[in-house]
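Engineer: Sharing a structure below in structure tokens format, with a few things to ask.
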Amino acid sequence: MQWTLVVPLKPLAQAKSRLSDTADDGLRPGLALAFAQDTVAAALECPAVRDVVVVTNDALAARELAALGAGIVPDEPRGGLNAAYAHAATVVHASRGEACLAALNADLPALRPAELARVLDTAAEFPRAFLADAAAFGTTMLAATRGRELRPLFGPDSRARHRASGAVELCLETVDSVRQDVDTGDDLRAALALGVGPHTAAVAARLLTTEQ
Ligand SMILES: Nc1nc2c(ncn2[C@@H]2O[C@H](COP(=O)(O)OP(=O)(O)OP(=O)(O)O)[C@@H](O)[C@H]2O)c(=O)[nH]1
Ligand SMILES: C=C(OP(=O)(O)O)C(=O)O
């Protein structure tokens, strides 16, 4: 089974506010873009992925991610993350009929295509399924097979909320790269230890130079 991935991205100037003690206002937008570029590039290399649609109102991010091969949907509701996901799902279904849809965070800079394939192949066994994040409270991926609604409940404690909504939690080992979202400096260090993609590696190198 092949999936259409929906990847949401805030305007870069507002993104990753919890990284403000690690990256200043000059570097943070570039870091948020680099995370999204590495996430989208790895997703597009995944054999289980048919295509990637980024939902964003950021013009620079839209240009850079389209250059990697992503489709772009404007975040027309401007109503937060779940509204953005629901809107993108409506747009995808309108153009492709009953696609298999998976929501994936844009802040997975260590993402490995083979690990994402294992997650999506397992998700294909259930109507709706999700993967908890490395911190164990959030969600990095929510999938709905053909004909099912995504019903995204991202935000604080989304792991418990997705579970309570009836989505099946995927209890897979060795898919750390799909779980490792980056919200804090500690998360960034954990992602760097796993091995990040080239865009994040380049910005992180500038970050380390600035710190010295
Ligand atoms: N299109 C869109 N994407 C969003 C929105 N809110 C969050 N996102 C994206 O959803 C993912 C998870 O978002 P958050 O962790 O809440 O926000 P963040 O910008 O990554 O980090 P913080 O500013 O520290 O909360 C990231 O890829 C965000 O860019 C929104 O309102 N619209
Ligand atoms: C929005 C979420 O992610 P984050 O940890 O990036 O806030 C979530 O886990 O539902």
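Ligands are numbered from 1 in the order shown, residues from 1 within each chain, and chains are lettered A, B, ... in the order they appear in the structure tokens.
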Per residue of chain A within 6 Å of ligand 1, record the nearest atom pair and its distance in Å to one decimal, counting only C-alpha atoms and all ligand atoms, with rows in chain order and ascending residue number, as JSON lines.
Structural biologist:
```
{"residue": "A:Pro8", "atom": "CA", "partner": "ligand 1", "partner_atom_place_in_ligand_line": "3 (N)", "distance": 4.0}
{"residue": "A:Leu9", "atom": "CA", "partner": "ligand 1", "partner_atom_place_in_ligand_line": "29 (O)", "distance": 3.4}
{"residue": "A:Lys10", "atom": "CA", "partner": "ligand 1", "partner_atom_place_in_ligand_line": "29 (O)", "distance": 3.9}
{"residue": "A:Ala15", "atom": "CA", "partner": "ligand 1", "partner_atom_place_in_ligand_line": "19 (O)", "distance": 3.4}
{"residue": "A:Lys16", "atom": "CA", "partner": "ligand 1", "partner_atom_place_in_ligand_line": "21 (O)", "distance": 3.6}
{"residue": "A:Ser17", "atom": "CA", "partner": "ligand 1", "partner_atom_place_in_ligand_line": "23 (O)", "distance": 3.7}
{"residue": "A:Arg18", "atom": "CA", "partner": "ligand 1", "partner_atom_place_in_ligand_line": "24 (O)", "distance": 3.7}
{"residue": "A:Val55", "atom": "CA", "partner": "ligand 1", "partner_atom_place_in_ligand_line": "1 (N)", "distance": 4.9}
{"residue": "A:Thr56", "atom": "CA", "partner": "ligand 1", "partner_atom_place_in_ligand_line": "1 (N)", "distance": 4.3}
{"residue": "A:Asp75", "atom": "CA", "partner": "ligand 1", "partner_atom_place_in_ligand_line": "1 (N)", "distance": 5.3}
{"residue": "A:Arg78", "atom": "CA", "partner": "ligand 1", "partner_atom_place_in_ligand_line": "31 (O)", "distance": 5.9}
{"residue": "A:Gly79", "atom": "CA", "partner": "ligand 1", "partner_atom_place_in_ligand_line": "31 (O)", "distance": 5.9}
{"residue": "A:Gly80", "atom": "CA", "partner": "ligand 1", "partner_atom_place_in_ligand_line": "31 (O)", "distance": 3.2}
{"residue": "A:Leu81", "atom": "CA", "partner": "ligand 1", "partner_atom_place_in_ligand_line": "5 (C)", "distance": 3.9}
{"residue": "A:Ala84", "atom": "CA", "partner": "ligand 1", "partner_atom_place_in_ligand_line": "1 (N)", "distance": 5.2}
{"residue": "A:Asn105", "atom": "CA", "partner": "ligand 1", "partner_atom_place_in_ligand_line": "27 (O)", "distance": 4.7}
{"residue": "A:Ala106", "atom": "CA", "partner": "ligand 1", "partner_atom_place_in_ligand_line": "27 (O)", "distance": 3.8}
{"residue": "A:Asp107", "atom": "CA", "partner": "ligand 1", "partner_atom_place_in_ligand_line": "27 (O)", "distance": 5.3}
{"residue": "A:Asp183", "atom": "CA", "partner": "ligand 1", "partner_atom_place_in_ligand_line": "24 (O)", "distance": 5.5}
```
Engineer: Those same residues - N, CA and C atoms - I'd like them written as a PDB file, in the first residue's frame.
Structural biologist:
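Output contents, as saved in result.pdb:
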```
ATOM      1  N   PRO A   8       2.617  19.262   8.027  1.00  0.00           N
ATOM      2  CA  PRO A   8       2.252  20.655   8.306  1.00  0.00           C
ATOM      3  C   PRO A   8       3.465  21.477   8.730  1.00  0.00           C
ATOM      4  N   LEU A   9       3.467  22.719   8.324  1.00  0.00           N
ATOM      5  CA  LEU A   9       4.588  23.582   8.713  1.00  0.00           C
ATOM      6  C   LEU A   9       4.082  24.992   8.982  1.00  0.00           C
ATOM      7  N   LYS A  10       4.348  25.475  10.187  1.00  0.00           N
ATOM      8  CA  LYS A  10       4.011  26.853  10.571  1.00  0.00           C
ATOM      9  C   LYS A  10       4.839  27.835   9.747  1.00  0.00           C
ATOM     10  N   ALA A  15       7.960  29.333  14.024  1.00  0.00           N
ATOM     11  CA  ALA A  15       8.144  27.906  14.312  1.00  0.00           C
ATOM     12  C   ALA A  15       9.228  27.673  15.360  1.00  0.00           C
ATOM     13  N   LYS A  16       9.083  26.585  16.060  1.00  0.00           N
ATOM     14  CA  LYS A  16      10.117  26.081  16.980  1.00  0.00           C
ATOM     15  C   LYS A  16      10.438  27.067  18.092  1.00  0.00           C
ATOM     16  N   SER A  17       9.417  27.677  18.658  1.00  0.00           N
ATOM     17  CA  SER A  17       9.651  28.658  19.728  1.00  0.00           C
ATOM     18  C   SER A  17      10.329  28.012  20.950  1.00  0.00           C
ATOM     19  N   ARG A  18      10.074  26.706  21.176  1.00  0.00           N
ATOM     20  CA  ARG A  18      10.706  26.056  22.333  1.00  0.00           C
ATOM     21  C   ARG A  18      12.205  25.814  22.140  1.00  0.00           C
ATOM     22  N   VAL A  55       1.396  21.348   4.077  1.00  0.00           N
ATOM     23  CA  VAL A  55       0.385  22.385   4.292  1.00  0.00           C
ATOM     24  C   VAL A  55       1.048  23.534   5.044  1.00  0.00           C
ATOM     25  N   THR A  56       1.212  24.643   4.335  1.00  0.00           N
ATOM     26  CA  THR A  56       1.942  25.771   4.911  1.00  0.00           C
ATOM     27  C   THR A  56       1.559  27.077   4.221  1.00  0.00           C
ATOM     28  N   ASP A  75      -2.396  26.846   3.981  1.00  0.00           N
ATOM     29  CA  ASP A  75      -3.119  26.607   5.242  1.00  0.00           C
ATOM     30  C   ASP A  75      -4.266  27.618   5.323  1.00  0.00           C
ATOM     31  N   ARG A  78      -6.137  28.610   8.737  1.00  0.00           N
ATOM     32  CA  ARG A  78      -5.340  29.365   9.730  1.00  0.00           C
ATOM     33  C   ARG A  78      -5.894  29.136  11.136  1.00  0.00           C
ATOM     34  N   GLY A  79      -6.309  27.919  11.409  1.00  0.00           N
ATOM     35  CA  GLY A  79      -6.969  27.615  12.680  1.00  0.00           C
ATOM     36  C   GLY A  79      -6.160  26.661  13.542  1.00  0.00           C
ATOM     37  N   GLY A  80      -4.843  26.602  13.293  1.00  0.00           N
ATOM     38  CA  GLY A  80      -4.004  25.710  14.094  1.00  0.00           C
ATOM     39  C   GLY A  80      -3.755  24.388  13.390  1.00  0.00           C
ATOM     40  N   LEU A  81      -2.984  23.558  14.084  1.00  0.00           N
ATOM     41  CA  LEU A  81      -2.449  22.330  13.478  1.00  0.00           C
ATOM     42  C   LEU A  81      -3.533  21.347  13.012  1.00  0.00           C
ATOM     43  N   ALA A  84      -5.341  22.565  10.036  1.00  0.00           N
ATOM     44  CA  ALA A  84      -4.485  22.496   8.836  1.00  0.00           C
ATOM     45  C   ALA A  84      -4.476  21.069   8.279  1.00  0.00           C
ATOM     46  N   ASN A 105       4.725  14.806  11.329  1.00  0.00           N
ATOM     47  CA  ASN A 105       5.324  16.078  11.768  1.00  0.00           C
ATOM     48  C   ASN A 105       6.456  16.505  10.823  1.00  0.00           C
ATOM     49  N   ALA A 106       6.685  17.803  10.757  1.00  0.00           N
ATOM     50  CA  ALA A 106       7.760  18.328   9.904  1.00  0.00           C
ATOM     51  C   ALA A 106       9.083  18.445  10.646  1.00  0.00           C
ATOM     52  N   ASP A 107       9.114  17.977  11.896  1.00  0.00           N
ATOM     53  CA  ASP A 107      10.322  18.176  12.705  1.00  0.00           C
ATOM     54  C   ASP A 107      10.988  16.852  13.059  1.00  0.00           C
ATOM     55  N   ASP A 183      11.678  19.421  19.582  1.00  0.00           N
ATOM     56  CA  ASP A 183      11.030  20.606  20.157  1.00  0.00           C
ATOM     57  C   ASP A 183      11.994  21.392  21.036  1.00  0.00           C
TER      58      ASP A 183
END
```
Engineer: Show which residues sit within 9 Å of Gly185 (chain A), as a list of chain:residue names. Count only C-alpha atoms, and ignore same-chain residues fewer than 6 positions away.
Structural biologist: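 These residues fall inside the cut-off: A:Arg18, A:Leu19, A:Ser20, A:Asp21, A:Thr22, A:Ala23.
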Engineer: Residues at most 12 Å from ligand 2, using only C-alpha atoms and all ligand atoms? Could they come as a ChimeraX atom specification?
Structural biologist: /A:7-10,15-19,32,80-82,84-85,103-108,130-142,152-162,179-184,187
Engineer: Quote the spacing between CA of Ala129 (chain A) and CA of Ala36 (chain A) in Å to one decimal place.
Structural biologist: 22.5 Å
Engineer: Out of A:Val91, A:Val203, A:Leu31, A:Ala117, which residue has the shortest atom-to-atom distance to Ser177 (chain A) when counting only C-alpha atoms?
Structural biologist: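 Between A:Val91, A:Val203, A:Leu31, A:Ala117, the residue approaching Ser177 (chain A) most closely is A:Ala117.
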Engineer: Mind checking which residues fall within 7 Å of Cys46 (chain A), counting only C-alpha atoms, ignoring those fewer than 3 positions away in the same chain, and posting them as a VMD selection string?
Structural biologist: chain A and resid 42 to 43 49 113 to 114 116 to 117
Engineer: Save out the residues we just selected, C-alpha atoms, as a PDB file, in the first residue's frame.
Structural biologist:
```
ATOM      1  CA  ALA A  42      13.514  11.204   3.606  1.00  0.00           C
ATOM      2  CA  ALA A  43       9.751  10.719   3.221  1.00  0.00           C
ATOM      3  CA  VAL A  49       5.133   6.863   0.135  1.00  0.00           C
ATOM      4  CA  PRO A 113      13.097   6.028   4.807  1.00  0.00           C
ATOM      5  CA  ALA A 114      13.300   2.331   5.805  1.00  0.00           C
ATOM      6  CA  LEU A 116       9.153   5.112   7.955  1.00  0.00           C
ATOM      7  CA  ALA A 117       8.316   2.244   5.586  1.00  0.00           C
TER       8      ALA A 117
END
```
Engineer: Name the closest residue to Thr122 (chain A) among the candidates A:Ala110, A:Val40, A:Leu170, A:Ala89; distances are taken between atoms, counting only C-alpha atoms.
Structural biologist: A:Leu170
Engineer: Per DSSP on the backbone, what are the helix (DSSP H, G or I) residues of region 13-172 of chain A, as JSON, numbers by chain?
Structural biologist: {"A": [13, 14, 17, 18, 19, 28, 29, 30, 31, 32, 33, 34, 35, 36, 37, 38, 39, 40, 41, 42, 43, 44, 59, 60, 61, 62, 63, 64, 65, 66, 67, 68, 81, 82, 83, 84, 85, 86, 87, 88, 89, 90, 91, 92, 93, 94, 95, 96, 113, 114, 115, 116, 117, 118, 119, 120, 121, 122, 123, 158, 159, 160, 161, 162, 163, 164]}
Engineer: Select, from A:Ala143, A:Leu188, A:Val52, A:Leu27, the residue with the minimum atom-to-atom distance to Val168 (chain A), counting only C-alpha atoms.
Structural biologist: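 Checking each of A:Ala143, A:Leu188, A:Val52, A:Leu27 against Val168 (chain A), counting only C-alpha atoms, the winner is A:Ala143.
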Engineer: Excluding Ala48 (chain A) and its own-chain neighbours fewer than 6 positions away, which residues fall within 7 Å of it when counting only C-alpha atoms? Please give them as a PDB file with C-alpha atoms, in the first residue's frame.
Structural biologist:
```pdb
ATOM      1  CA  MET A   1       0.000   0.000   0.000  1.00  0.00           C
ATOM      2  CA  GLN A   2       1.233   3.497  -0.802  1.00  0.00           C
ATOM      3  CA  TRP A   3       0.484   6.580   1.238  1.00  0.00           C
ATOM      4  CA  ALA A 117       8.316   2.244   5.586  1.00  0.00           C
ATOM      5  CA  LEU A 120       3.498   2.780   7.318  1.00  0.00           C
TER       6      LEU A 120
END
```
Engineer: May I ask which of the residues A:Val6, A:Leu33, A:Leu208, A:Val53 is the closest one to Pro109 (chain A), counting only C-alpha atoms?
Structural biologist: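 The answer is A:Leu33, which sits nearest to Pro109 (chain A).
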Engineer: Residues near Leu60 (chain A), anyone? I mean within 10 Å using only C-alpha atoms, not counting same-chain ones fewer than 5 positions away, as JSON, numbers by chain.
Structural biologist: {"A": [11, 12, 33, 65, 66]}
Engineer: Just the residues within 8 Å of Pro198 (chain A), please, counting only C-alpha atoms, with nothing from its chain fewer than 3 positions along; format it as a ChimeraX atom specification.
Structural biologist: /A:38,201-202
Engineer: If you run DSSP on the backbone here, which positions in region 6-212 of chain A get strand (DSSP E or B)? Please write them as a PyMOL selection string.
Structural biologist: chain A and resi 6-9+49-56+71-73+101-104+128-132+139-144+168-169
Engineer: Find the residue from A:Glu98, A:Glu169, A:Glu149, A:Glu76 that sits nearest to Ala123 (chain A); use only C-alpha atoms when measuring.
Structural biologist: A:Glu169
